[in-house]
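Contents: one structure, followed by commentary.
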Amino acid sequence: MFGTTERRHEVGQKLADVRALLVRRGLPAVVLRDTGSVAWVTGGLTNRIEAGNPASAAWVVVTPSEAHVVTTNVELPRLAAEGDLDAFELHGVDWYDHDGFERYAEQFAAVEVDDDLVELRLSLGPEEQGRLAALALEATDALEAALRSWAPGEFDREIQARVAAALEQAGAFGACLIVGGDDRVERFRHPLAAGLPVHRLVMAVVVAERNGLHAAATRFASVGPLPAGVRAARRAAAAVEQAVLDASRPGATYGEALAALAGAYAGAGYPGEWRDHFQGGPIGYRQREFEIVPSQVESRWFTTPIAPGTALAWNPSVAGGGKCEDTYLVEATGPQRLTDSGEWPLEEGRPAVLDIGTGEAA
């Protein structure tokens with residue numbers, strides 16, 4: 001999957017971070033039971049038996065001196081042979097023992113500390129950054145290739161199928177995959193594929209997952225110039241995205257970034273529009289590690305600083321077809337876009353709407 005030496009170092013550092021958390025919290029042990037947490041602490045182990053299911057087919061229990069992976073007797077032989085879990089003791093329970101995982105964790109008095117684990121993993125390490133960057137490019141390529149080959153009149157599900165197939169060929173899958181067209185893009189924030197022909201405008205959205213990490217992007221294509229209303233909505237969404245990206249610099253808090261987002265909506269003539277759609281946030285081992293809005297000032301995340309190495313996917317949208325979404329990595333100078341193929345037309349530095357007739361920005 002990736003270099004064994006690098007993975008051992010990564011896993012060792014993460015176990016050390018979890019054990020430091022045990023000391024700070026005065027806990028005897030913690031249990032990691034969702035797919036994101038398990039993928040994080042094991043350096044990328046995923047169990048896609050049920051794609052999209054947040055419950056992992058393997059749990060991890062970490063104590064001050066031990067680390068255990070418990071799974072079903074069905075998965076035990078595969079994980080023992082292929083899981084690359086040298087840092088963990090591997091155990092199995094009968095697949096039909098519905099309380100087996102819980103009983104195993106209880107013998108260590110292990111507790112869940114979900115938000116603390118999220119905070120530990122917000123800043124991605126070098127190995128994770130490399131895996132995310134590779135995933136982001138492959139997800140972008142899948143999305144853009146599907147739209148470049150769109151023929152007016154083609155059904156939305158056919159476009160979506162091309163995205164999904166390309167992701168599967170890359171060993172990823174669409175944790176979120178939305179394709180819709182024409183007036184449905186202007187009417188709905190989530191125009192899910194409905195088996196309808198697309199004649200003049202298409203929006204494709206993906207959150208791709210591989211090795212537990214996620215990368216998000218949205219792209220639009222059209223036949224000829226955009227309608228004035230769609231162009232205006234996109235311009236407003238782009239202004240919001242630029243404002244929140246400018247505010248997402250190392251040391252700034254998520255609350256400050258959200259204040260910039262809310263102010264930009266108002267400045268673009270859409271005060272409070274953030275209430276009408278998910279606004280995104282830090283992305284990593286979940287589609288968004290957490291998601292808060294400008295009014296949730298009591299959230300622990302509101303005062304959390306944005307750290308270098310954090311991946312962000314803000315998702316501002318404006319009614320009428322305005323939506324921006326890309327995956328960025330926070331560097332010392334600010335966020336840098338990972339979902340950039342270098343082959344898509346840009347408008348003011350961000351992905352434009354592709355006119356499939358000319359190959360240029362619509």
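Residue names in the structure tokens use chain letters A, B, ... in the order shown, residue numbers from 1 in each chain, and ligand numbers from 1 in the order shown.
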Let's see if you can do this: from backbone DSSP, list all strand (DSSP E or B) residues in range 89-190 of chain A, as a list in words.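 Answer for range 89-190 of chain A restricted to strand (DSSP E or B) is Glu89, Leu90, His91, Gly92, Val93, Val111, Ser123, Phe155, Phe173, Gly174, Ala175, Cys176, Leu177, Ile178, Val179, Gly180 and Gly181 of chain A.
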Restrict the calculation to only C-alpha atoms, then for each residue of range 168-245 of chain A with any atom at most 8 Å from an atom of range 25-41 of chain A give the closest atom pair and their distance in Å to one decimal, rows by chain and rising residue number, as CSV.
residue,atom,partner,partner_atom,distance
A:Asn211,CA,A:Ala39,CA,6.6
A:Gly212,CA,A:Ala39,CA,5.1
A:Leu213,CA,A:Gly36,CA,7.7
Can you tell me, as a PyMOL selection string, which residues in range 128-222 of chain A count as alpha helix (DSSP H) by DSSP? chain A and resi 128-148+156-169+183-187
Distance query range 117-131 of chain A at most 10 Å, only C-alpha atoms, self and fewer than 3 positions along chain excluded, as a count of residues only: 48
As a check of understanding: the span from CA of Arg78 in chain A to CA of Asp94 in chain A is 14.9 Å
Using only C-alpha atoms, which residues sit within 8 Å of Val353 in chain A once same-chain residues fewer than 5 positions away are excluded, as a list in words? Arg219, Phe220, Ala221, Ser222, Pro345, Ala361 and Ala362 of chain A
Pull N, CA and C atoms from the residues just selected and write them as a CSV table (one decimal), in the first residue's frame.
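Generated output (part.csv):
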chain,number,residue,atom,x,y,z
A,219,ARG,N,-17.2,20.5,-10.0
A,219,ARG,CA,-17.0,21.0,-11.3
A,219,ARG,C,-18.3,21.2,-12.0
A,220,PHE,N,-18.3,22.2,-12.9
A,220,PHE,CA,-19.4,22.5,-13.8
A,220,PHE,C,-19.0,22.5,-15.2
A,221,ALA,N,-19.9,22.1,-16.1
A,221,ALA,CA,-19.7,22.2,-17.6
A,221,ALA,C,-21.0,22.7,-18.2
A,222,SER,N,-20.8,23.4,-19.3
A,222,SER,CA,-22.0,23.9,-20.0
A,222,SER,C,-21.8,23.8,-21.5
A,345,PRO,N,-10.0,24.9,-17.2
A,345,PRO,CA,-10.0,26.4,-17.3
A,345,PRO,C,-10.2,27.0,-16.0
A,361,ALA,N,-13.3,28.5,-20.6
A,361,ALA,CA,-14.3,28.9,-19.6
A,361,ALA,C,-15.5,29.5,-20.3
A,362,ALA,N,-16.7,29.1,-19.7
A,362,ALA,CA,-17.9,29.5,-20.3
A,362,ALA,C,-18.2,30.9,-20.0
Residue contacts of Leu137 in chain A (8 Å, only C-alpha atoms) excluding same-chain residues fewer than 4 positions away, as number ranges by chain: A: 133, 141, 338-341
Near Tyr254 in chain A, counting only C-alpha atoms, which residues have an atom at most 12 Å away, once you skip same-chain residues fewer than 3 positions from it, shown as a PyMOL selection string? chain A and resi 244-245+247-251+257-261+280-282+290-294+296-297+299-307+310+312+314
For C-alpha atoms, I'd like the residues from the last selection saved as a PDB file, in the first residue's frame.
ATOM      1  CA  VAL A 244     -12.957  32.162   3.947  1.00  0.00           C
ATOM      2  CA  LEU A 245      -9.743  30.893   2.327  1.00  0.00           C
ATOM      3  CA  ALA A 247      -9.067  33.828   6.675  1.00  0.00           C
ATOM      4  CA  SER A 248      -7.909  30.185   6.894  1.00  0.00           C
ATOM      5  CA  ARG A 249      -4.284  30.873   7.680  1.00  0.00           C
ATOM      6  CA  PRO A 250      -2.135  29.183  10.315  1.00  0.00           C
ATOM      7  CA  GLY A 251      -2.987  30.504  13.761  1.00  0.00           C
ATOM      8  CA  ALA A 257     -12.773  31.896   9.298  1.00  0.00           C
ATOM      9  CA  LEU A 258     -16.520  31.460   9.738  1.00  0.00           C
ATOM     10  CA  ALA A 259     -16.945  35.136  10.593  1.00  0.00           C
ATOM     11  CA  ALA A 260     -15.221  35.964   7.313  1.00  0.00           C
ATOM     12  CA  LEU A 261     -17.518  33.541   5.513  1.00  0.00           C
ATOM     13  CA  GLY A 280     -17.708  22.592   4.721  1.00  0.00           C
ATOM     14  CA  GLY A 281     -14.594  22.787   6.861  1.00  0.00           C
ATOM     15  CA  PRO A 282     -11.605  20.561   7.671  1.00  0.00           C
ATOM     16  CA  PHE A 290     -16.415  18.617  11.922  1.00  0.00           C
ATOM     17  CA  GLU A 291     -18.762  21.230  10.565  1.00  0.00           C
ATOM     18  CA  ILE A 292     -19.882  24.297  12.453  1.00  0.00           C
ATOM     19  CA  VAL A 293     -21.599  27.513  11.412  1.00  0.00           C
ATOM     20  CA  PRO A 294     -21.034  31.168  12.359  1.00  0.00           C
ATOM     21  CA  GLN A 296     -22.201  28.122  17.016  1.00  0.00           C
ATOM     22  CA  VAL A 297     -19.814  30.161  19.121  1.00  0.00           C
ATOM     23  CA  SER A 299     -18.478  24.874  20.018  1.00  0.00           C
ATOM     24  CA  ARG A 300     -14.995  23.744  21.057  1.00  0.00           C
ATOM     25  CA  TRP A 301     -14.015  24.096  17.404  1.00  0.00           C
ATOM     26  CA  PHE A 302     -14.869  27.799  17.275  1.00  0.00           C
ATOM     27  CA  THR A 303     -11.703  28.753  19.156  1.00  0.00           C
ATOM     28  CA  THR A 304      -9.528  25.953  17.730  1.00  0.00           C
ATOM     29  CA  PRO A 305      -6.586  27.354  15.738  1.00  0.00           C
ATOM     30  CA  ILE A 306      -6.115  26.277  12.140  1.00  0.00           C
ATOM     31  CA  ALA A 307      -2.833  24.373  12.076  1.00  0.00           C
ATOM     32  CA  THR A 310      -4.749  20.760   7.933  1.00  0.00           C
ATOM     33  CA  LEU A 312      -9.819  22.165   4.203  1.00  0.00           C
ATOM     34  CA  TRP A 314     -15.043  24.898   2.286  1.00  0.00           C
TER      35      TRP A 314
END
Using only C-alpha atoms, which residue out of A:Gly100, A:Gly153, A:Gly92, A:Pro54 lies closest to Val69 in chain A?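 The shortest atom-to-atom distance to Val69 in chain A comes from A:Gly92.
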Identify which of the residues A:Leu22, A:Leu143, A:Cys176, A:Leu85 lies closest to Val111 in chain A, counting only C-alpha atoms when measuring atom-to-atom distances.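 When distances to Val111 in chain A are compared using only C-alpha atoms, the smallest one comes from A:Leu22.
Look at Tyr104 in chain A: the protein and nucleic acid residues within 12 Å of it, using only C-alpha atoms and passing over chain neighbours fewer than 3 places away, are A:Ala29, A:Val30, A:Val31, A:Ala58, A:Trp59, A:Val60, A:Val61, A:Val62, A:His68, A:Val69, A:Val70, A:Thr71, A:Thr72, A:Leu90, A:His91, A:Gly92, A:Val93, A:Asp94, A:Asp97, A:His98, A:Asp99, A:Gly100, A:Phe101, A:Gln107, A:Phe108, A:Ala109, A:Ala110, A:Val111.
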Write the residues you've just listed into a file as a PDB file, in the first residue's frame, and include N, CA and C atoms for each of them.
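Output file result-v6.pdb is given in full below:
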ATOM      1  N   ALA A  29      -7.634   3.410  28.973  1.00  0.00           N
ATOM      2  CA  ALA A  29      -7.558   2.940  27.589  1.00  0.00           C
ATOM      3  C   ALA A  29      -8.609   3.680  26.773  1.00  0.00           C
ATOM      4  N   VAL A  30      -8.405   3.726  25.445  1.00  0.00           N
ATOM      5  CA  VAL A  30      -9.418   4.285  24.549  1.00  0.00           C
ATOM      6  C   VAL A  30      -9.745   3.250  23.485  1.00  0.00           C
ATOM      7  N   VAL A  31     -10.954   3.357  22.947  1.00  0.00           N
ATOM      8  CA  VAL A  31     -11.369   2.484  21.850  1.00  0.00           C
ATOM      9  C   VAL A  31     -11.676   3.349  20.641  1.00  0.00           C
ATOM     10  N   ALA A  58     -13.260  -3.455  12.098  1.00  0.00           N
ATOM     11  CA  ALA A  58     -12.203  -3.692  13.075  1.00  0.00           C
ATOM     12  C   ALA A  58     -12.190  -2.523  14.049  1.00  0.00           C
ATOM     13  N   TRP A  59     -12.022  -2.829  15.319  1.00  0.00           N
ATOM     14  CA  TRP A  59     -11.871  -1.799  16.339  1.00  0.00           C
ATOM     15  C   TRP A  59     -10.433  -1.827  16.842  1.00  0.00           C
ATOM     16  N   VAL A  60      -9.993  -0.691  17.372  1.00  0.00           N
ATOM     17  CA  VAL A  60      -8.655  -0.596  17.956  1.00  0.00           C
ATOM     18  C   VAL A  60      -8.790  -0.165  19.408  1.00  0.00           C
ATOM     19  N   VAL A  61      -8.084  -0.858  20.293  1.00  0.00           N
ATOM     20  CA  VAL A  61      -8.014  -0.504  21.707  1.00  0.00           C
ATOM     21  C   VAL A  61      -6.561  -0.183  22.034  1.00  0.00           C
ATOM     22  N   VAL A  62      -6.343   0.997  22.593  1.00  0.00           N
ATOM     23  CA  VAL A  62      -4.983   1.431  22.934  1.00  0.00           C
ATOM     24  C   VAL A  62      -4.905   1.649  24.437  1.00  0.00           C
ATOM     25  N   HIS A  68      -4.352  -3.074  20.464  1.00  0.00           N
ATOM     26  CA  HIS A  68      -5.077  -4.258  20.008  1.00  0.00           C
ATOM     27  C   HIS A  68      -6.003  -3.909  18.848  1.00  0.00           C
ATOM     28  N   VAL A  69      -6.119  -4.832  17.919  1.00  0.00           N
ATOM     29  CA  VAL A  69      -7.148  -4.767  16.888  1.00  0.00           C
ATOM     30  C   VAL A  69      -8.063  -5.966  17.080  1.00  0.00           C
ATOM     31  N   VAL A  70      -9.362  -5.706  17.183  1.00  0.00           N
ATOM     32  CA  VAL A  70     -10.335  -6.783  17.305  1.00  0.00           C
ATOM     33  C   VAL A  70     -11.267  -6.721  16.100  1.00  0.00           C
ATOM     34  N   THR A  71     -11.499  -7.878  15.501  1.00  0.00           N
ATOM     35  CA  THR A  71     -12.350  -7.962  14.325  1.00  0.00           C
ATOM     36  C   THR A  71     -13.150  -9.258  14.403  1.00  0.00           C
ATOM     37  N   THR A  72     -13.943  -9.539  13.388  1.00  0.00           N
ATOM     38  CA  THR A  72     -14.716 -10.776  13.386  1.00  0.00           C
ATOM     39  C   THR A  72     -13.849 -11.935  12.907  1.00  0.00           C
ATOM     40  N   LEU A  90      -3.663  -8.848  17.310  1.00  0.00           N
ATOM     41  CA  LEU A  90      -4.873  -9.076  16.537  1.00  0.00           C
ATOM     42  C   LEU A  90      -5.726 -10.146  17.212  1.00  0.00           C
ATOM     43  N   HIS A  91      -7.026  -9.857  17.350  1.00  0.00           N
ATOM     44  CA  HIS A  91      -7.955 -10.757  18.028  1.00  0.00           C
ATOM     45  C   HIS A  91      -9.241 -10.874  17.212  1.00  0.00           C
ATOM     46  N   GLY A  92      -9.924 -11.997  17.327  1.00  0.00           N
ATOM     47  CA  GLY A  92     -11.169 -12.198  16.608  1.00  0.00           C
ATOM     48  C   GLY A  92     -12.308 -12.582  17.532  1.00  0.00           C
ATOM     49  N   VAL A  93     -13.520 -12.184  17.162  1.00  0.00           N
ATOM     50  CA  VAL A  93     -14.737 -12.602  17.845  1.00  0.00           C
ATOM     51  C   VAL A  93     -15.679 -13.186  16.801  1.00  0.00           C
ATOM     52  N   ASP A  94     -16.584 -14.030  17.233  1.00  0.00           N
ATOM     53  CA  ASP A  94     -17.526 -14.633  16.295  1.00  0.00           C
ATOM     54  C   ASP A  94     -18.393 -13.557  15.641  1.00  0.00           C
ATOM     55  N   ASP A  97     -21.676 -12.859  17.313  1.00  0.00           N
ATOM     56  CA  ASP A  97     -21.666 -12.380  18.698  1.00  0.00           C
ATOM     57  C   ASP A  97     -21.791 -10.857  18.659  1.00  0.00           C
ATOM     58  N   HIS A  98     -23.005 -10.360  18.747  1.00  0.00           N
ATOM     59  CA  HIS A  98     -23.255  -8.942  18.527  1.00  0.00           C
ATOM     60  C   HIS A  98     -22.654  -8.039  19.614  1.00  0.00           C
ATOM     61  N   ASP A  99     -22.323  -8.605  20.751  1.00  0.00           N
ATOM     62  CA  ASP A  99     -21.707  -7.811  21.818  1.00  0.00           C
ATOM     63  C   ASP A  99     -20.220  -8.095  21.972  1.00  0.00           C
ATOM     64  N   GLY A 100     -19.666  -8.873  21.044  1.00  0.00           N
ATOM     65  CA  GLY A 100     -18.278  -9.291  21.191  1.00  0.00           C
ATOM     66  C   GLY A 100     -17.286  -8.150  21.190  1.00  0.00           C
ATOM     67  N   PHE A 101     -17.474  -7.184  20.306  1.00  0.00           N
ATOM     68  CA  PHE A 101     -16.560  -6.040  20.240  1.00  0.00           C
ATOM     69  C   PHE A 101     -16.622  -5.231  21.537  1.00  0.00           C
ATOM     70  N   GLN A 107     -13.088  -4.986  28.764  1.00  0.00           N
ATOM     71  CA  GLN A 107     -12.107  -5.618  29.657  1.00  0.00           C
ATOM     72  C   GLN A 107     -10.912  -4.703  29.934  1.00  0.00           C
ATOM     73  N   PHE A 108     -10.732  -3.685  29.086  1.00  0.00           N
ATOM     74  CA  PHE A 108      -9.669  -2.704  29.300  1.00  0.00           C
ATOM     75  C   PHE A 108     -10.225  -1.394  29.867  1.00  0.00           C
ATOM     76  N   ALA A 109     -11.525  -1.361  30.136  1.00  0.00           N
ATOM     77  CA  ALA A 109     -12.202  -0.138  30.570  1.00  0.00           C
ATOM     78  C   ALA A 109     -11.973   0.988  29.559  1.00  0.00           C
ATOM     79  N   ALA A 110     -11.954   0.619  28.273  1.00  0.00           N
ATOM     80  CA  ALA A 110     -11.681   1.585  27.213  1.00  0.00           C
ATOM     81  C   ALA A 110     -12.890   2.474  26.970  1.00  0.00           C
ATOM     82  N   VAL A 111     -12.640   3.740  26.738  1.00  0.00           N
ATOM     83  CA  VAL A 111     -13.719   4.697  26.496  1.00  0.00           C
ATOM     84  C   VAL A 111     -13.503   5.357  25.132  1.00  0.00           C
TER      85      VAL A 111
END
Tell me which of A:Ala67, A:Ala262, A:Leu354, A:Ala319 sits closest to Asp183 in chain A, counting only C-alpha atoms.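 Selected residue with least distance to Asp183 in chain A: A:Ala319.
Compared by their closest atoms to Val206 in chain A, and using only C-alpha atoms, the residues A:Ala193, A:Phe188, A:Gly174, A:Asp182 rank with A:Gly174 nearest.
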In Å, how far is it from CA of Gly52 in chain A to CA of Ala16 in chain A?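 Separation of CA of Gly52 in chain A and CA of Ala16 in chain A: 28.7 Å.
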May I ask which of the residues A:Ala228, A:Val163, A:Ala252, A:Ala268 is the closest one to Glu144 in chain A, counting only C-alpha atoms?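 Looking at the shortest contact to Glu144 in chain A, the residue is A:Val163.
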